[in-house]
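Report on the structure given below.
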Amino acid sequence: MKKTVGAVALPLLFVFILGCVATRTDMTGQTQDSGVKGQVLVESKGAAESVFVYAYDSPHNDMRVPTKWISEATRGDGSYSLSLPPGAYYIVARKRVSGDPKGYLVKGDYEGKFPGNPVTVKPGRYETVNLSVTKLAGNFLLAPYIPEDGGMGISGKVFDESGKPAFGAFVLLYTDKEMIGLPNYLSKPTDEEGAYYVYLPKPGTYYVAARLKYGGLPRKGEPYGTYDVDKEHKVQVSEKEVVTGIDIKLGPFPLDLAVPVPPAK
């Protein structure tokens with residue numbers, strides 16, 4: 001009788017071990033035998049080590065919100081594997097200077113979206129998804145969207161000179177009251193209603209302007225505006241507060257900053 005039990009138990013144990021090897025567990029704690037795998041490169045060149053790959057079920061907020069599907073860090077050869085239940089996913093890879101898989105993106109971080117998104121994951125299969133990451137150029141790429149779980153920031157609308165919603169305008173936030181140079185934070189383009197959001201990682205005083213483009217000095221006559229409810233164009237944001245109703249009206253920029261302004265007498 002003992003021999004019979006042993007003869008049955010060993011094959012069952014072997015099957016159990018194979019089952020553990022053949023399946024994977026994602027960050028939700030669920031066992032999956034499907035997902036995505038591949039390699040991550042830096043700017044389509046060498047292998048990117050210590051990069052995390054993320055899967056989203058929607059491209060909402062440019063995939064800059066938290067997700068439960070995050071891979072382990074890529075290996076030395078840039079390879080990764082991420083278990084996912086069957087479905088359609090938007091895949092993106094990121095490497096933060098902090099080394100943390102979560103948090104807000106800052107200047108110097110790397111990011112790359114899969115150009116073939118969305119990816120369809122089928123039962124029992126791992127789809128090959130190779131990605132390339134590039135370095136982010138400025139702090140204005142720091143998650144300019146309100147996360148789904150809330151956060152600090154400002155919101156409002158931008159209007160043109162006639163008072164109609166300004167579509168495609170950018171809202172610029174500075175920590176310097178002079179508001180010169182690159183903004184510290186930048187909204188994504190306003191929608192058809194002129195609405196915008198800017199997410200902020202910390203409380204403080206921010207000086208607010210808007211224009212139809214960013215980069216370089218505003219030119220004379222260019223549509224430009226500031227938040228004028230406050231004479232210094234500033235907004236105070238408290239911890240965990242979203243300040244609403246920060247509306248801005250665009251008008252012709254009055255100066256040509258390319259021409260030196262004579263000193264006051």
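Simple scheme: letters A, B, ... for chains in structure tokens order, numbers from 1 for residues in each chain, numbers from 1 for ligands in the order shown.
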Could you make a table, as a Markdown table, of the residues of region 116-214 of chain A that have an atom within 8 Å of an atom of region 29-48 of chain A, each with its nearest atom pair and distance in Å to one decimal, counting only C-alpha atoms, in chain and number order?
```
| residue | atom | partner | partner_atom | distance |
| --- | --- | --- | --- | --- |
| A:Val121 | CA | A:Gly35 | CA | 5.9 |
| A:Lys122 | CA | A:Ser34 | CA | 6.7 |
| A:Pro123 | CA | A:Ser34 | CA | 5.7 |
| A:Gly124 | CA | A:Ser34 | CA | 4.9 |
| A:Arg125 | CA | A:Ser34 | CA | 4.7 |
| A:Tyr126 | CA | A:Gly35 | CA | 4.6 |
| A:Glu127 | CA | A:Val36 | CA | 4.6 |
| A:Thr128 | CA | A:Lys37 | CA | 5.1 |
| A:Val129 | CA | A:Gly38 | CA | 5.1 |
| A:Asn130 | CA | A:Gln39 | CA | 4.9 |
| A:Leu131 | CA | A:Val40 | CA | 4.8 |
| A:Ser132 | CA | A:Leu41 | CA | 4.6 |
| A:Val133 | CA | A:Val42 | CA | 5.1 |
| A:Thr134 | CA | A:Glu43 | CA | 5.2 |
```
Inset, instruction - Excluding region 155-158 of chain A and residues on its chain fewer than 3 positions from it, collect all residues at most 9 Å away from it, counting only C-alpha atoms, and give them as a ChimeraX atom specification. - result: /A:163-167,169-171,190,193-199,210,225,242-250
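Counting only C-alpha atoms, the residue from A:Asp228, A:Glu72, A:Asp57, A:Asp176 that sits nearest to Asp100 (chain A) is A:Glu72.
CA of Thr175 (chain A) sits 23.7 Å away from CA of Pro252 (chain A).
Minimum atom-to-atom distances from A:Ile91, A:Leu182, A:Val235, A:Leu200 to Gly153 (chain A) were compared using only C-alpha atoms, and the lowest value belongs to A:Leu200.
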Inset, instruction - Skip Met63 (chain A) itself and residues of its chain fewer than 3 positions away, then list as a PyMOL selection string all residues within 10 Å of it, counting only C-alpha atoms. - result: chain A and resi 54-60+66-67+90-92+113+143+145
